[in-house]
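Have a look at target.csv; it's CSV, C-alpha atoms:
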```csv
chain,number,residue,atom,x,y,z
F,1,MET,CA,0.0,0.0,0.0
F,2,GLU,CA,1.6,3.3,1.1
F,3,SER,CA,3.7,4.7,3.9
F,4,PHE,CA,1.6,7.0,6.1
F,5,PHE,CA,4.4,9.6,6.4
F,6,SER,CA,4.6,10.2,2.6
F,7,PRO,CA,5.8,13.5,1.3
F,8,LYS,CA,2.2,14.7,1.0
F,9,ARG,CA,1.5,14.0,4.7
F,10,THR,CA,4.9,15.1,6.1
F,11,TRP,CA,4.8,18.6,7.6
F,12,ALA,CA,7.2,21.2,6.3
F,13,GLN,CA,7.3,22.8,9.7
F,14,GLY,CA,5.7,22.1,13.0
F,15,PRO,CA,5.0,21.3,15.8
F,16,TYR,CA,1.4,22.5,15.3
F,17,LEU,CA,-1.3,23.2,17.8
F,18,HIS,CA,-3.7,20.3,18.1
F,19,PHE,CA,-6.6,19.4,20.3
F,20,VAL,CA,-6.7,15.7,21.2
F,21,ALA,CA,-8.3,13.3,23.6
F,22,LYS,CA,-5.8,11.1,25.4
F,23,LEU,CA,-6.8,7.4,25.2
F,24,ASP,CA,-4.7,6.0,28.0
F,25,ASP,CA,-7.6,4.1,29.7
F,26,PRO,CA,-6.1,0.8,30.9
F,27,ALA,CA,-8.9,-1.2,29.2
F,28,TYR,CA,-8.1,0.4,25.8
F,29,VAL,CA,-4.4,0.1,26.3
F,30,GLU,CA,-4.9,-3.6,26.8
F,31,TYR,CA,-7.1,-3.8,23.7
F,32,THR,CA,-4.3,-2.3,21.6
F,33,GLN,CA,-1.6,-4.5,23.1
F,34,ALA,CA,-3.5,-7.6,21.9
F,35,HIS,CA,-2.2,-6.6,18.4
F,36,HIS,CA,1.4,-5.9,19.3
F,37,GLU,CA,2.7,-9.4,18.8
F,38,LEU,CA,1.7,-9.4,15.2
F,39,LEU,CA,2.9,-5.8,14.7
F,40,ALA,CA,6.3,-6.6,16.2
F,41,GLU,CA,6.9,-9.2,13.4
F,42,TYR,CA,7.0,-6.2,11.0
F,43,GLY,CA,9.7,-4.4,13.0
F,44,ASP,CA,10.6,-0.9,11.6
F,45,GLN,CA,8.1,-1.3,8.8
F,46,VAL,CA,5.4,-0.1,11.2
F,47,GLY,CA,5.3,2.6,13.9
F,48,THR,CA,3.3,1.0,16.7
F,49,VAL,CA,1.9,3.7,18.9
F,50,PRO,CA,2.8,3.3,22.6
F,51,ALA,CA,0.2,3.7,25.3
F,52,GLU,CA,1.2,7.3,26.3
F,53,TRP,CA,0.6,8.5,22.7
F,54,LEU,CA,-2.7,6.9,22.0
F,55,HIS,CA,-5.2,9.6,21.1
F,56,TRP,CA,-8.1,10.8,19.1
F,57,THR,CA,-7.4,14.0,17.1
F,58,VAL,CA,-10.3,16.3,17.8
F,59,LEU,CA,-8.9,19.1,15.7
F,60,GLY,CA,-5.6,20.0,14.1
F,61,ILE,CA,-4.2,23.4,13.0
F,62,HIS,CA,-1.7,22.9,10.3
F,63,HIS,CA,0.1,26.2,10.2
F,64,SER,CA,2.3,28.2,12.5
F,65,LEU,CA,0.7,30.4,15.2
F,66,THR,CA,1.9,33.2,17.3
F,67,ARG,CA,2.0,32.7,21.1
F,68,ASP,CA,-0.9,35.0,21.4
F,69,GLN,CA,-3.0,33.0,18.9
F,70,VAL,CA,-2.3,29.8,20.9
F,71,GLU,CA,-3.3,31.5,24.1
F,72,ARG,CA,-6.6,32.8,22.6
F,73,ALA,CA,-7.4,29.5,20.9
F,74,VAL,CA,-6.8,27.4,24.1
F,75,GLU,CA,-8.9,29.7,26.3
F,76,ARG,CA,-11.7,29.9,23.9
F,77,VAL,CA,-11.9,26.1,23.6
F,78,ARG,CA,-11.7,25.9,27.4
F,79,ASN,CA,-14.7,28.1,27.8
F,80,LYS,CA,-16.7,26.5,24.9
F,81,VAL,CA,-16.3,22.9,26.0
F,82,ALA,CA,-16.9,23.7,29.6
F,83,ARG,CA,-20.2,25.4,28.8
F,84,ASP,CA,-21.5,23.2,26.0
F,85,SER,CA,-19.9,19.8,26.2
F,86,ALA,CA,-20.3,16.8,28.4
F,87,ARG,CA,-18.4,13.5,29.0
F,88,ALA,CA,-18.6,11.2,26.0
F,89,ASP,CA,-19.0,7.5,26.7
F,90,VAL,CA,-17.3,5.7,23.8
F,91,GLN,CA,-16.9,2.1,22.6
F,92,MET,CA,-13.5,1.3,21.0
F,93,GLY,CA,-13.4,-1.2,18.2
F,94,PRO,CA,-13.3,-2.8,15.8
F,95,VAL,CA,-9.8,-2.5,14.3
F,96,TRP,CA,-9.6,-1.5,10.6
F,97,PRO,CA,-6.5,-2.3,8.5
F,98,GLY,CA,-6.4,0.7,6.2
F,99,PRO,CA,-4.2,1.6,3.2
F,100,SER,CA,-1.6,3.5,5.4
F,101,ALA,CA,-2.5,2.8,9.0
F,102,VAL,CA,-4.2,0.4,11.4
F,103,THR,CA,-7.1,2.4,13.0
F,104,VAL,CA,-9.6,1.7,15.8
F,105,ALA,CA,-13.2,2.8,15.4
F,106,MET,CA,-14.9,5.0,18.0
F,107,TYR,CA,-18.7,4.9,18.5
F,108,PRO,CA,-21.1,6.5,18.8
F,109,GLU,CA,-19.8,9.0,16.3
F,110,THR,CA,-22.5,11.7,17.0
F,111,SER,CA,-21.3,12.6,20.5
F,112,LEU,CA,-17.7,12.8,19.4
F,113,ALA,CA,-18.6,14.8,16.3
F,114,ARG,CA,-20.4,17.3,18.6
F,115,VAL,CA,-17.2,17.8,20.5
F,116,SER,CA,-15.2,18.3,17.3
F,117,THR,CA,-17.7,20.9,16.1
F,118,GLN,CA,-17.5,22.8,19.3
F,119,VAL,CA,-13.7,22.9,19.3
F,120,ARG,CA,-13.8,24.0,15.6
F,121,GLU,CA,-16.2,26.8,16.3
F,122,ALA,CA,-14.1,28.1,19.2
F,123,VAL,CA,-10.8,28.0,17.3
F,124,SER,CA,-12.4,29.5,14.2
F,125,SER,CA,-13.2,32.6,16.2
F,126,VAL,CA,-9.5,33.5,16.6
F,127,ASP,CA,-8.2,36.0,14.0
F,128,GLY,CA,-5.6,34.6,11.7
F,129,ILE,CA,-6.2,30.9,12.2
F,130,THR,CA,-7.2,28.9,9.1
F,131,LEU,CA,-8.6,25.4,9.4
F,132,ARG,CA,-8.8,22.6,6.9
F,133,THR,CA,-12.3,22.1,5.5
F,134,ALA,CA,-14.5,20.1,7.8
F,135,PRO,CA,-15.5,16.7,6.4
F,136,ASP,CA,-19.1,16.1,5.6
F,137,ARG,CA,-19.1,13.3,8.2
F,138,PRO,CA,-16.5,13.4,10.9
F,139,TRP,CA,-14.5,10.2,11.4
F,140,PRO,CA,-13.5,9.8,15.0
F,141,HIS,CA,-10.8,7.1,15.3
F,142,SER,CA,-7.6,6.2,17.1
F,143,THR,CA,-4.5,4.9,15.3
F,144,LEU,CA,-2.9,1.7,16.5
F,145,ALA,CA,0.0,1.7,14.1
F,146,TYR,CA,1.3,3.7,11.0
F,147,TYR,CA,2.8,2.0,8.0
F,148,ARG,CA,6.4,3.2,7.4
F,149,THR,CA,6.8,1.4,4.0
F,150,GLY,CA,4.4,0.4,1.2
F,151,ASP,CA,5.1,-3.4,1.9
F,152,VAL,CA,3.0,-4.0,5.0
F,153,HIS,CA,-0.7,-4.2,4.1
F,154,ASP,CA,-0.8,-7.5,2.2
F,155,ALA,CA,-3.5,-10.2,2.4
F,156,ASP,CA,-1.7,-12.2,5.0
F,157,PHE,CA,-1.3,-9.2,7.3
F,158,ASN,CA,-5.0,-8.3,6.8
F,159,ARG,CA,-6.2,-11.8,7.6
F,160,ARG,CA,-4.1,-12.2,10.7
F,161,LEU,CA,-5.0,-8.7,12.0
F,162,ARG,CA,-8.7,-9.4,11.7
F,163,SER,CA,-8.4,-12.8,13.3
F,164,ILE,CA,-7.2,-11.2,16.6
F,165,ARG,CA,-10.6,-9.5,17.4
F,166,PRO,CA,-10.4,-8.8,21.2
F,167,ASP,CA,-13.6,-7.8,22.8
F,168,ARG,CA,-14.5,-4.1,22.3
F,169,VAL,CA,-14.0,-1.9,25.3
F,170,ASP,CA,-16.0,1.0,26.7
F,171,ILE,CA,-14.2,4.1,27.9
F,172,SER,CA,-15.1,7.7,28.7
F,173,VAL,CA,-13.7,10.9,27.2
F,174,SER,CA,-13.9,13.6,29.8
F,175,SER,CA,-11.3,16.1,28.6
F,176,VAL,CA,-9.6,17.3,25.5
F,177,HIS,CA,-6.0,18.5,25.6
F,178,ALA,CA,-4.3,21.3,23.9
F,179,VAL,CA,-0.9,20.1,22.6
F,180,TYR,CA,2.0,21.0,20.3
F,181,MET,CA,1.9,18.0,18.0
F,182,HIS,CA,5.1,16.5,16.5
F,183,GLN,CA,5.5,14.1,13.7
F,184,ASP,CA,8.3,11.8,14.9
F,185,LEU,CA,9.5,10.3,11.7
F,186,ASP,CA,12.3,8.4,13.5
F,187,VAL,CA,9.8,6.2,15.3
F,188,GLY,CA,6.8,6.5,12.9
F,189,TYR,CA,4.1,8.0,15.0
F,190,TYR,CA,2.9,11.3,16.6
F,191,ARG,CA,4.1,12.7,20.0
F,192,TRP,CA,3.3,16.0,21.6
F,193,ASP,CA,4.2,18.7,24.2
F,194,HIS,CA,1.3,19.2,26.5
F,195,LEU,CA,-0.2,22.7,27.0
F,196,ALA,CA,-3.5,22.4,28.8
F,197,GLU,CA,-6.2,20.0,29.9
F,198,LEU,CA,-9.7,21.3,28.9
F,199,PRO,CA,-12.5,19.4,30.8
F,200,LEU,CA,-15.8,18.7,28.9
F,201,GLY,CA,-18.5,20.3,31.0
F,202,ARG,CA,-18.1,19.2,34.6
F,203,SER,CA,-17.1,15.7,33.8
F,204,ALA,CA,-13.5,16.2,34.9
F,205,VAL,CA,-12.0,18.2,37.7
F,206,LEU,CA,-8.9,20.3,37.1
F,207,THR,CA,-7.2,21.8,40.1
F,208,VAL,CA,-5.4,25.1,40.4
F,209,GLY,CA,-2.3,23.2,41.2
F,210,ALA,CA,-2.5,21.2,38.0
F,211,ARG,CA,-3.1,24.4,36.0
F,212,LEU,CA,0.0,26.0,37.6
F,213,ASP,CA,2.0,22.9,36.7
F,214,GLU,CA,0.9,23.3,33.0
F,215,LEU,CA,1.9,27.0,33.0
F,216,VAL,CA,5.3,26.3,34.6
F,217,THR,CA,6.0,23.6,32.0
F,218,GLN,CA,4.9,26.0,29.2
F,219,ALA,CA,7.2,28.8,30.5
F,220,GLU,CA,10.1,26.4,30.6
F,221,ARG,CA,9.8,25.9,26.9
F,222,GLU,CA,9.5,29.6,26.0
F,223,GLY,CA,13.2,30.4,26.0
F,224,ASN,CA,13.3,33.1,28.8
F,225,PRO,CA,15.0,31.6,31.9
F,226,LEU,CA,14.0,34.4,34.3
F,227,TRP,CA,10.3,34.1,33.1
F,228,ALA,CA,10.4,30.4,33.8
F,229,GLU,CA,12.0,31.0,37.2
F,230,ALA,CA,9.3,33.5,38.1
F,231,TRP,CA,6.6,30.9,37.2
F,232,ARG,CA,8.4,28.3,39.4
F,233,GLN,CA,8.5,30.8,42.3
F,234,THR,CA,4.8,31.6,41.8
F,235,ARG,CA,3.9,28.0,42.0
F,236,THR,CA,6.1,27.5,45.1
F,237,VAL,CA,4.2,30.2,47.0
F,238,LEU,CA,0.7,29.7,45.7
F,239,ALA,CA,0.3,26.0,45.3
F,240,PRO,CA,0.3,25.1,49.0
F,241,VAL,CA,-2.6,27.6,49.5
F,242,PHE,CA,-4.7,27.3,46.4
F,243,GLY,CA,-3.4,24.2,44.7
F,244,ASP,CA,-6.4,21.9,45.7
F,245,GLU,CA,-9.0,24.4,44.6
F,246,LYS,CA,-11.1,23.5,41.6
F,247,PHE,CA,-10.1,25.4,38.4
F,248,THR,CA,-13.1,26.2,36.3
F,249,PRO,CA,-13.7,28.9,33.7
F,250,PRO,CA,-14.9,32.3,35.1
F,251,TRP,CA,-18.6,32.4,35.0
F,252,SER,CA,-19.0,34.4,38.2
F,253,THR,CA,-17.7,37.5,39.9
F,254,LEU,CA,-17.2,35.4,43.1
F,255,ASP,CA,-14.1,33.5,44.0
F,256,VAL,CA,-13.5,30.4,41.9
F,257,GLY,CA,-10.3,28.7,40.9
F,258,SER,CA,-9.9,30.9,37.8
F,259,ASP,CA,-9.4,33.8,40.3
F,260,TYR,CA,-6.4,32.1,41.7
F,261,VAL,CA,-4.9,31.3,38.3
F,262,GLU,CA,-5.5,34.9,37.3
F,263,ALA,CA,-3.8,36.0,40.5
F,264,ALA,CA,-0.9,33.7,39.7
F,265,GLY,CA,-0.5,35.5,36.3
F,266,ALA,CA,-0.4,38.9,38.0
F,267,LEU,CA,2.1,37.6,40.5
F,268,VAL,CA,4.4,36.1,37.9
F,269,VAL,CA,4.5,39.3,35.9
F,270,SER,CA,5.2,41.3,39.0
F,271,LEU,CA,8.0,38.9,40.2
F,272,TYR,CA,9.6,39.0,36.8
F,273,LEU,CA,9.3,42.8,36.5
F,274,LEU,CA,10.9,43.4,39.9
F,275,ALA,CA,13.6,40.7,39.4
F,276,ARG,CA,14.6,42.2,36.1
F,277,GLU,CA,14.8,45.7,37.4
F,278,ARG,CA,16.9,44.7,40.4
F,279,SER,CA,19.0,42.0,38.8
F,280,VAL,CA,18.0,39.5,41.4
F,281,ALA,CA,16.2,36.1,41.4
F,282,PRO,CA,12.4,36.1,41.6
F,283,ALA,CA,12.8,34.2,44.9
F,284,ASP,CA,14.6,37.3,46.4
F,285,ILE,CA,11.5,39.5,45.9
F,286,THR,CA,9.8,40.2,49.2
F,287,VAL,CA,6.2,40.7,50.1
F,288,GLN,CA,7.2,44.3,50.9
F,289,ASP,CA,8.5,44.8,47.4
F,290,LEU,CA,5.2,43.5,46.0
F,291,ASP,CA,3.2,45.7,48.4
F,292,GLU,CA,5.1,48.7,47.1
F,293,LEU,CA,4.2,47.8,43.5
F,294,ALA,CA,0.6,47.1,44.4
F,295,ASP,CA,0.3,50.4,46.4
F,296,SER,CA,2.0,52.5,43.7
F,297,ALA,CA,-1.4,54.1,42.8
F,298,THR,CA,-1.6,56.0,46.1
F,299,GLY,CA,-0.7,59.7,46.1
F,300,ALA,CA,-1.5,62.6,43.8
F,301,GLY,CA,-0.2,62.2,40.2
F,302,ARG,CA,0.8,58.6,40.7
F,303,LEU,CA,0.1,56.1,37.9
F,304,ARG,CA,-2.2,53.2,38.7
F,305,THR,CA,-0.6,49.9,39.3
F,306,GLN,CA,-1.6,48.5,35.9
F,307,GLU,CA,-0.1,51.6,34.2
F,308,GLN,CA,3.1,51.3,36.3
F,309,ILE,CA,3.5,47.7,35.2
F,310,ARG,CA,2.9,48.5,31.5
F,311,THR,CA,5.3,51.4,31.6
F,312,ARG,CA,8.0,49.5,33.4
F,313,LEU,CA,7.7,46.4,31.2
F,314,VAL,CA,8.2,48.7,28.1
F,315,ALA,CA,11.2,50.2,29.8
F,316,LEU,CA,12.7,46.7,30.1
F,317,GLY,CA,12.3,46.3,26.3
F,318,HIS,CA,9.0,44.5,26.1
F,319,ALA,CA,6.7,45.5,23.3
F,320,LEU,CA,3.3,45.0,24.8
F,321,ASP,CA,1.8,44.2,21.3
F,322,ASP,CA,4.4,41.5,20.6
F,323,ALA,CA,2.3,38.4,19.8
F,324,ASP,CA,5.3,36.0,20.5
F,325,ASP,CA,6.6,37.5,23.8
F,326,PRO,CA,5.3,35.3,26.6
F,327,VAL,CA,5.5,38.1,29.1
F,328,ALA,CA,3.5,40.5,26.9
F,329,VAL,CA,1.0,37.8,26.1
F,330,ARG,CA,0.4,37.0,29.8
F,331,TRP,CA,0.0,40.6,30.6
F,332,ARG,CA,-2.4,41.2,27.8
F,333,ALA,CA,-4.5,38.3,29.1
F,334,LEU,CA,-4.8,40.2,32.3
F,335,ASP,CA,-5.2,43.6,30.8
F,336,TYR,CA,-9.0,43.9,31.0
F,337,VAL,CA,-11.6,45.1,33.5
F,338,HIS,CA,-14.1,43.0,35.5
F,339,GLU,CA,-17.4,44.7,35.7
F,340,GLU,CA,-18.3,45.7,39.2
F,341,PRO,CA,-21.2,43.6,40.5
F,342,ALA,CA,-24.4,45.1,41.6
F,343,TYR,CA,-24.1,43.5,45.0
F,344,GLY,CA,-21.4,42.8,47.7
F,345,ASP,CA,-18.7,44.8,49.4
F,346,LEU,CA,-16.4,46.2,46.7
F,347,ASP,CA,-13.6,46.3,49.3
F,348,ASP,CA,-13.9,42.5,49.7
F,349,SER,CA,-10.9,40.9,48.0
F,350,SER,CA,-12.9,37.8,47.0
F,351,LEU,CA,-14.9,39.8,44.5
F,352,ARG,CA,-13.7,39.9,40.9
F,353,ALA,CA,-14.0,43.6,40.1
F,354,GLY,CA,-11.7,46.1,38.4
F,355,HIS,CA,-8.6,45.6,36.3
F,356,ALA,CA,-7.8,41.9,36.2
F,357,GLY,CA,-4.0,42.3,36.6
F,358,GLU,CA,-4.2,44.9,39.4
F,359,ASN,CA,-6.9,43.0,41.1
F,360,GLY,CA,-5.0,39.7,40.9
F,361,LEU,CA,-1.9,41.1,42.5
F,362,ARG,CA,-3.9,42.7,45.4
F,363,HIS,CA,-5.7,39.4,45.8
F,364,VAL,CA,-2.6,37.4,46.7
F,365,LEU,CA,-1.4,40.3,49.0
F,366,ALA,CA,-4.8,40.6,50.8
F,367,PRO,CA,-4.7,40.5,54.6
F,368,PHE,CA,-6.7,37.3,54.5
F,369,TYR,CA,-3.9,35.4,52.8
F,370,ARG,CA,-1.0,37.2,54.6
F,371,GLU,CA,-0.3,34.4,57.0
F,372,ARG,CA,-0.9,31.6,54.5
F,373,ILE,CA,1.2,32.7,51.5
F,374,ARG,CA,4.9,32.6,52.4
F,375,PHE,CA,7.1,34.7,50.1
```

Is it possible to express this structure as structure tokens?
Amino acid sequence: MESFFSPKRTWAQGPYLHFVAKLDDPAYVEYTQAHHELLAEYGDQVGTVPAEWLHWTVLGIHHSLTRDQVERAVERVRNKVARDSARADVQMGPVWPGPSAVTVAMYPETSLARVSTQVREAVSSVDGITLRTAPDRPWPHSTLAYYRTGDVHDADFNRRLRSIRPDRVDISVSSVHAVYMHQDLDVGYYRWDHLAELPLGRSAVLTVGARLDELVTQAEREGNPLWAEAWRQTRTVLAPVFGDEKFTPPWSTLDVGSDYVEAAGALVVSLYLLARERSVAPADITVQDLDELADSATGAGRLRTQEQIRTRLVALGHALDDADDPVAVRWRALDYVHEEPAYGDLDDSSLRAGHAGENGLRHVLAPFYRERIRF
């Protein structure tokens, strides 16, 4: 037949942003392993997918994106699937020997197609992202192995593969994951760098600690050591206090896990800013230093905290409209205003009101947390 990674399928660049469902359920892993003895006979002629890389591709983006576009796409998908999706109960099987790969069917297709449509709608709303045309009928599937030569799919292979027939297995898909997808031509299958878990409805629980881990890992790939160090320090001081809180998209003006993640973003920008200005490590920044930054709006003629941060970031050489600068992208994600609610005490630090970045920094410095957060 044909090699899956033919010139027409091999990416010129990459990795590319994809949204996938991880299929590492032990029952499905065992199902796939029932075929491994046969596949092993073909050696390097096939790329047999290990358990950690089994997946269903919900949506792929096949062109380069700016860091800002990635941020917007991930957060819009997060909000869309949290509002409109629900866990999908799926049956895996049967196995299909195709012209370039061995795939596993996923049923029912309708519930999975609904998730694909929701992710597509969210990603399509981001300026500058172009998607491949949606198929008339989505084909949800998982790939068991990719052919690496054109000599694999013969009648004997087909018969032996179909004779295995393990019982089909039932699993649940409760999240999609934003990843940077790689074509690993050396081993003959896809791998990824993980960005974010995005629960479908309320079918999966993501904690603030897990989200901070994702953001630290992301920062460590972004090429700015001080920025990564600021994220690690932020996790060190906030995870013991907020780490077990549930992280959900921000539907309310009241405290939810998204407040804490937003506060973490404000803190990391502040730690990075002060560390750069003073040529010290983020861990050397004290709570008094942060108090001074947060209180910089007091006094006649002083700039508000948000304006101070903008001005000082620019002075450090950051262009705040740079779509690939992770510091600028994080600050822009915080550079908006929460509407003041029509109820509640506006001096209460648990209310989401005012500028998100300024509010987030004051949140972690609030008297209520003073004894719990250890800088």

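Comparing the minimum interatomic distances between Arg232 in chain F and each of F:Gly43, F:Pro282, F:Gly357, F:Gly201, counting all atoms listed in the file, we find that F:Pro282 sits nearest.
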
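Rounded to one decimal, CA of Ser64 in chain F and CA of Leu316 in chain F lie 27.6 Å from each other.
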
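Separating CA of Ala230 in chain F from CA of Tyr272 in chain F is a distance of 5.7 Å.
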
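Computed from the coordinates, the CA of Ser6 in chain F to CA of Tyr146 in chain F distance equals 11.1 Å.
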
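Closest approach to Ser3 in chain F among F:Gly188, F:Pro50, F:Pro138, F:Pro26 is made by F:Gly188 (distances from all atoms listed in the file).
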
Contacts of range 41-137 of chain F with range 7-14 of chain F up to 12 Å, shortest pair per row, all atoms listed in the file, as a Markdown table:
```
| residue | atom | partner | partner_atom | distance |
| --- | --- | --- | --- | --- |
| F:Gly60 | CA | F:Gly14 | CA | 11.5 |
| F:Ile61 | CA | F:Gly14 | CA | 10.0 |
| F:His62 | CA | F:Gly14 | CA | 7.9 |
| F:His63 | CA | F:Gly14 | CA | 7.5 |
| F:Ser64 | CA | F:Gly14 | CA | 7.0 |
| F:Leu65 | CA | F:Gly14 | CA | 9.9 |
| F:Ser100 | CA | F:Arg9 | CA | 11.0 |
```

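All polymer residues at most 9 Å from (-13.2, 10.8, 29.6), using all atoms listed in the file, appear as Ala21, Lys22, Leu23, Asp25, Arg87, Ala88, Asp89, Val90, Ile171, Ser172, Val173, Ser174, Ser175, Val176, Pro199, Leu200, Ser203 and Ala204 of chain F.
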
Only C-alpha atoms, please: the residues just picked out, written as a JSON list (two decimals), keeping the file's coordinate frame.
```
[["chain", "number", "residue", "atom", "x", "y", "z"],
["F", 21, "ALA", "CA", -8.30, 13.30, 23.60],
["F", 22, "LYS", "CA", -5.80, 11.10, 25.40],
["F", 23, "LEU", "CA", -6.80, 7.40, 25.20],
["F", 25, "ASP", "CA", -7.60, 4.10, 29.70],
["F", 87, "ARG", "CA", -18.40, 13.50, 29.00],
["F", 88, "ALA", "CA", -18.60, 11.20, 26.00],
["F", 89, "ASP", "CA", -19.00, 7.50, 26.70],
["F", 90, "VAL", "CA", -17.30, 5.70, 23.80],
["F", 171, "ILE", "CA", -14.20, 4.10, 27.90],
["F", 172, "SER", "CA", -15.10, 7.70, 28.70],
["F", 173, "VAL", "CA", -13.70, 10.90, 27.20],
["F", 174, "SER", "CA", -13.90, 13.60, 29.80],
["F", 175, "SER", "CA", -11.30, 16.10, 28.60],
["F", 176, "VAL", "CA", -9.60, 17.30, 25.50],
["F", 199, "PRO", "CA", -12.50, 19.40, 30.80],
["F", 200, "LEU", "CA", -15.80, 18.70, 28.90],
["F", 203, "SER", "CA", -17.10, 15.70, 33.80],
["F", 204, "ALA", "CA", -13.50, 16.20, 34.90]]
```

How would range 209-215 of chain F of the given structure read as a file with all heavy atoms, as a compact mmCIF listing (two decimals), in the first residue's frame?
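Result written to result.txt:
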```txt
# COMPACT_ATOMS: atom_id res chain seq x y z
N GLY F 209 -3.62 23.70 41.21
CA GLY F 209 -2.26 23.19 41.20
C GLY F 209 -1.87 22.56 39.88
O GLY F 209 -0.76 22.76 39.38
N ALA F 210 -2.81 21.80 39.29
CA ALA F 210 -2.54 21.19 37.99
C ALA F 210 -2.37 22.24 36.91
O ALA F 210 -1.51 22.12 36.03
CB ALA F 210 -3.66 20.23 37.62
N ARG F 211 -3.18 23.29 36.97
CA ARG F 211 -3.05 24.37 35.98
C ARG F 211 -1.73 25.11 36.16
O ARG F 211 -1.08 25.48 35.17
CB ARG F 211 -4.24 25.33 36.09
CG ARG F 211 -4.21 26.48 35.10
CD ARG F 211 -4.19 25.99 33.67
NE ARG F 211 -4.12 27.09 32.70
CZ ARG F 211 -3.45 27.03 31.56
NH1 ARG F 211 -2.81 25.93 31.20
NH2 ARG F 211 -3.43 28.07 30.74
N LEU F 212 -1.30 25.33 37.39
CA LEU F 212 0.00 25.98 37.61
C LEU F 212 1.13 25.11 37.07
O LEU F 212 2.09 25.62 36.48
CB LEU F 212 0.21 26.26 39.10
CG LEU F 212 -0.69 27.34 39.72
CD1 LEU F 212 -0.40 27.48 41.20
CD2 LEU F 212 -0.55 28.67 39.01
N ASP F 213 1.02 23.80 37.23
CA ASP F 213 2.03 22.90 36.67
C ASP F 213 2.11 23.06 35.15
O ASP F 213 3.21 23.09 34.56
CB ASP F 213 1.71 21.45 37.01
CG ASP F 213 1.95 21.11 38.48
OD1 ASP F 213 2.67 21.87 39.15
OD2 ASP F 213 1.41 20.09 38.94
N GLU F 214 0.95 23.15 34.49
CA GLU F 214 0.92 23.34 33.04
C GLU F 214 1.61 24.63 32.64
O GLU F 214 2.38 24.68 31.68
CB GLU F 214 -0.52 23.36 32.54
CG GLU F 214 -1.24 22.02 32.63
CD GLU F 214 -2.70 22.11 32.23
OE1 GLU F 214 -3.25 23.22 32.15
OE2 GLU F 214 -3.31 21.05 32.01
N LEU F 215 1.34 25.70 33.39
CA LEU F 215 1.89 27.01 33.05
C LEU F 215 3.40 27.06 33.30
O LEU F 215 4.13 27.70 32.53
CB LEU F 215 1.18 28.10 33.84
CG LEU F 215 -0.27 28.34 33.40
CD1 LEU F 215 -1.04 29.14 34.45
CD2 LEU F 215 -0.32 29.07 32.06
```
